[in-house]
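Notes follow once the structure below has been shown.
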Amino acid sequence: MRMKPGRPDLAARAGLFDVPPATDGPTVTFLGVSSLLFDDGEHAVLTDGFFSRPSLLRVGLGRITPDAARIGAALGRWGLDDPRSRLRAVVPVHTHFDHALDSAAVALRTGADLLGGESAARIGRGGGLPEDRIHVVAPGAPVALGSFSLTFLASEHCPPDRYPGTIAAPVVPPARARAYRCGEAWSLLVAHRGGRTALVQGSAGFVPGALAGRRADVAYLGVGQLGVQEETYLRDYWAETVQAVGAREVVLIHWDDFFRPLDRPLRALPYAGDDLDVTLRVLGELAAAQGVGLHLPTVWRREDPWALLG
């Protein structure tokens, strides 16, 4: 915890919120933290699906549980609050509460399956999801989900990991935040049958060489806690993700204050825990030097990051 007061000013970065709104084809909607809805109108997949966003006081001193009203409001905006919806899968990028708290509840309400590692499976079981809708994935093996294909590759959480380790037993909410241990962290490759590809790096961690030989045109890059790392770490992170897959456009995620509900304007995490200004400076320099576009997503808006490719 650092003593620098305040938080980065997003208004000063307004020019970065320039991912084009979607007109047709597959779209990506940013829903806070690392929640991304990939949707082509026929099929959809959702990373994380974290909508409850309990307060800092609740997380620190109490027990947390999925907020049915907030989940329903978020899903209802896209016509997904129905057990027969087009949502095929909910995919936690790892199992900390700010990613996986709502994953079982979202899967139950939408008819989707829950995909991930053993820790995600135990969250599913604790949340009452039937066993036939819980799938432990094999790293490196593509999973076909209608119009989409997902490939899971082993990754790491950005240091420090406040709740390290795997989840050993079903997590039944309400539960302490510490019950949501990191579990298996993933680099997620998303491919649409139309040929569009993306990397989702939900946490600012990496396994050296894990993405070698993989390709993605667009990278959704988690940057939570990245701004308090040594600059060499930021450069290594960029090299092991963006450069490794040859991404030409990068959209930054996991920069918002996730203790603030989604019905209020997003704001950056405070300087006490992160420094988005540093992240944007260093990654901006790398992007400019390599001819890569750097962007921030607009919450709730269906966007087409592939339109940036020209």
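By order of appearance in the structure tokens: chains A, B, ..., then residues from 1 within every chain, and ligands from 1 in the order shown.
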Polymer residues at most 9 Å from stretch 285-290 of chain A, only C-alpha atoms, same-chain spacing of 2 or more positions, as a PyMOL selection string:
chain A and resi 235+238+248-250+280-283+292-294
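Near A:Pro173, within 8 Å and counting only C-alpha atoms, sit A:Arg63, A:Ile64, A:Thr65, A:Pro66, A:Gly126, A:Gly127, not including residues fewer than 3 positions from it in the same chain.
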Next, the residues of the selection above should be written as a CSV table (one decimal), in the first residue's frame with C-alpha atoms.
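Full text of again_15.csv as output:
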chain,number,residue,atom,x,y,z
A,63,ARG,CA,-18.7,-12.0,3.6
A,64,ILE,CA,-19.5,-11.5,-0.1
A,65,THR,CA,-22.2,-13.1,-2.3
A,66,PRO,CA,-23.5,-12.6,-5.8
A,126,GLY,CA,-20.5,-24.2,-4.5
A,127,GLY,CA,-22.8,-22.0,-6.5
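Atom CA of A:Ala219 to atom CA of A:Gly49 spans 18.7 Å [interatomic distance, one decimal].
By chain and then residue number, the residues within 10 Å of A:Gly116 are Val90, Val91, Pro92, Val93, His94, Thr95, Leu114, Glu118, Ser119, Ala120, Ala121, Ile134, His135, Val136, Val137, Ala138, Pro139, Phe152, Gly183, Glu184, Ala185 and Trp186 of chain A, counting only C-alpha atoms and disregarding those fewer than 2 positions away in sequence.
Excluding A:Pro164 and any residue on its chain fewer than 2 positions from it, the residues at most 8 Å away by only C-alpha atoms are Asp161, Arg162, Thr166, Arg181, Cys182 and Gly183 of chain A.
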Excluding same-chain residues fewer than 5 positions from stretch 240-244 of chain A, what lies within 8 Å of it counting only C-alpha atoms, as a list in words?
Gln201, Phe206, Val207, Pro208, Gly209, Ala210, Leu211, Ala212, Gly213, Arg214, Arg215, Ala219 and Val250 of chain A
Check stretch 30-237 of chain A with DSSP on the backbone and list each residue it calls helix (DSSP H, G or I), as a PDB file with C-alpha atoms, in the first residue's frame.
ATOM      1  CA  LEU A  56     -14.358  -2.330  -0.095  1.00  0.00           C
ATOM      2  CA  LEU A  57     -15.831  -2.410   3.413  1.00  0.00           C
ATOM      3  CA  ARG A  58     -17.825  -5.545   2.638  1.00  0.00           C
ATOM      4  CA  VAL A  59     -14.836  -7.261   1.046  1.00  0.00           C
ATOM      5  CA  GLY A  60     -12.519  -6.347   3.908  1.00  0.00           C
ATOM      6  CA  LEU A  61     -14.744  -7.014   6.896  1.00  0.00           C
ATOM      7  CA  ALA A  68     -28.890 -10.982  -7.969  1.00  0.00           C
ATOM      8  CA  ALA A  69     -30.231  -7.518  -8.813  1.00  0.00           C
ATOM      9  CA  ARG A  70     -26.941  -6.268 -10.236  1.00  0.00           C
ATOM     10  CA  ILE A  71     -26.385  -9.480 -12.175  1.00  0.00           C
ATOM     11  CA  GLY A  72     -29.883  -9.357 -13.620  1.00  0.00           C
ATOM     12  CA  ALA A  73     -29.547  -5.698 -14.606  1.00  0.00           C
ATOM     13  CA  ALA A  74     -26.277  -6.358 -16.434  1.00  0.00           C
ATOM     14  CA  LEU A  75     -27.468  -9.465 -18.249  1.00  0.00           C
ATOM     15  CA  GLY A  76     -30.795  -7.891 -19.101  1.00  0.00           C
ATOM     16  CA  PHE A  97     -13.503 -12.719  -6.239  1.00  0.00           C
ATOM     17  CA  ASP A  98     -13.191  -9.767  -8.645  1.00  0.00           C
ATOM     18  CA  HIS A  99     -13.278 -12.265 -11.499  1.00  0.00           C
ATOM     19  CA  ALA A 100     -15.180 -15.358 -10.377  1.00  0.00           C
ATOM     20  CA  SER A 103     -19.485 -16.880 -12.487  1.00  0.00           C
ATOM     21  CA  ALA A 104     -21.719 -19.714 -11.258  1.00  0.00           C
ATOM     22  CA  ALA A 105     -24.718 -17.400 -10.782  1.00  0.00           C
ATOM     23  CA  VAL A 106     -24.317 -15.972 -14.289  1.00  0.00           C
ATOM     24  CA  ALA A 107     -24.042 -19.447 -15.792  1.00  0.00           C
ATOM     25  CA  LEU A 108     -27.174 -20.568 -13.939  1.00  0.00           C
ATOM     26  CA  ARG A 109     -29.227 -17.582 -15.133  1.00  0.00           C
ATOM     27  CA  THR A 110     -28.129 -17.783 -18.760  1.00  0.00           C
ATOM     28  CA  GLU A 118     -10.315 -27.122 -10.979  1.00  0.00           C
ATOM     29  CA  SER A 119     -10.695 -23.988  -8.848  1.00  0.00           C
ATOM     30  CA  ALA A 120     -13.357 -22.586 -11.173  1.00  0.00           C
ATOM     31  CA  ALA A 121     -15.115 -25.956 -11.051  1.00  0.00           C
ATOM     32  CA  ARG A 122     -15.282 -25.760  -7.248  1.00  0.00           C
ATOM     33  CA  ILE A 123     -16.822 -22.298  -7.444  1.00  0.00           C
ATOM     34  CA  GLY A 124     -19.383 -23.742  -9.851  1.00  0.00           C
ATOM     35  CA  ARG A 125     -20.222 -26.575  -7.480  1.00  0.00           C
ATOM     36  CA  GLY A 126     -20.466 -24.226  -4.499  1.00  0.00           C
ATOM     37  CA  GLU A 131     -22.015 -30.985 -12.861  1.00  0.00           C
ATOM     38  CA  ASP A 132     -22.763 -31.442 -16.554  1.00  0.00           C
ATOM     39  CA  ARG A 133     -22.343 -27.689 -17.051  1.00  0.00           C
ATOM     40  CA  ALA A 177     -12.958 -12.824  -0.078  1.00  0.00           C
ATOM     41  CA  ARG A 178      -9.939 -14.933   0.839  1.00  0.00           C
ATOM     42  CA  ALA A 179     -11.924 -18.082  -0.051  1.00  0.00           C
ATOM     43  CA  LEU A 226       0.991  -3.140 -13.392  1.00  0.00           C
ATOM     44  CA  GLY A 227       1.747   0.504 -12.639  1.00  0.00           C
ATOM     45  CA  VAL A 228       3.480  -0.303  -9.336  1.00  0.00           C
ATOM     46  CA  GLU A 231       9.568  -0.750 -15.485  1.00  0.00           C
ATOM     47  CA  THR A 232      11.462  -3.833 -16.638  1.00  0.00           C
ATOM     48  CA  TYR A 233       8.470  -5.936 -15.617  1.00  0.00           C
ATOM     49  CA  LEU A 234       6.122  -3.840 -17.766  1.00  0.00           C
ATOM     50  CA  ARG A 235       8.414  -4.260 -20.754  1.00  0.00           C
ATOM     51  CA  ASP A 236       8.695  -8.017 -20.198  1.00  0.00           C
ATOM     52  CA  TYR A 237       4.924  -8.282 -19.851  1.00  0.00           C
TER      53      TYR A 237
END
Pick from A:Pro26, A:Pro83, A:Gly62, A:Gly6: nearest to A:Gly111, with only C-alpha atoms counted?
A:Pro83
Go through A:Leu153, A:Leu36, A:Cys158, A:Ile167 and flag the residue nearest A:Ser187, using only C-alpha atoms for the distances.
A:Leu153
Please identify which residues in stretch 101-167 of chain A DSSP calls strand (DSSP E) from the backbone, and express them as a PyMOL selection string.
chain A and resi 113-116+134-136+143-145+148-154
Hey, which of A:Tyr220, A:Phe148, A:Tyr271, A:Phe259 ends up closest to A:Pro305? Count only C-alpha atoms.
A:Tyr220
When you look at A:Trp255 with a cut-off of 10 Å (counting only C-alpha atoms), what residues show up, excluding the ones that are within fewer than 2 positions of it in the same chain? I need them as a ChimeraX atom specification.
/A:32-34,221-227,252-253,257-258,266-270,274-276,279,296
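Minimum distance to A:Ala154 across A:Arg13, A:Ala239, A:Trp78, A:Leu188 (counting only C-alpha atoms) occurs at A:Leu188.
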Distance query A:His295 at most 7 Å, only C-alpha atoms, self and fewer than 6 positions along chain excluded, as a PyMOL selection string
chain A and resi 16-19+250-252
Create the file for the chosen residues now, containing C-alpha atoms and written as a JSON list (two decimals), in the first residue's frame.
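out-v8.json, freshly written:
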[["chain", "number", "residue", "atom", "x", "y", "z"],
["A", 16, "LEU", "CA", -7.79, 6.74, -25.71],
["A", 17, "PHE", "CA", -11.46, 5.68, -25.48],
["A", 18, "ASP", "CA", -11.57, 5.31, -29.25],
["A", 19, "VAL", "CA", -12.41, 1.69, -30.02],
["A", 250, "VAL", "CA", -4.18, -3.40, -27.73],
["A", 251, "VAL", "CA", -7.15, -2.58, -25.50],
["A", 252, "LEU", "CA", -6.38, -2.18, -21.80]]
Using only C-alpha atoms, which of A:Tyr163, A:Asp277, A:His157, A:Phe38 sits nearest A:Asp9?
A:Asp277
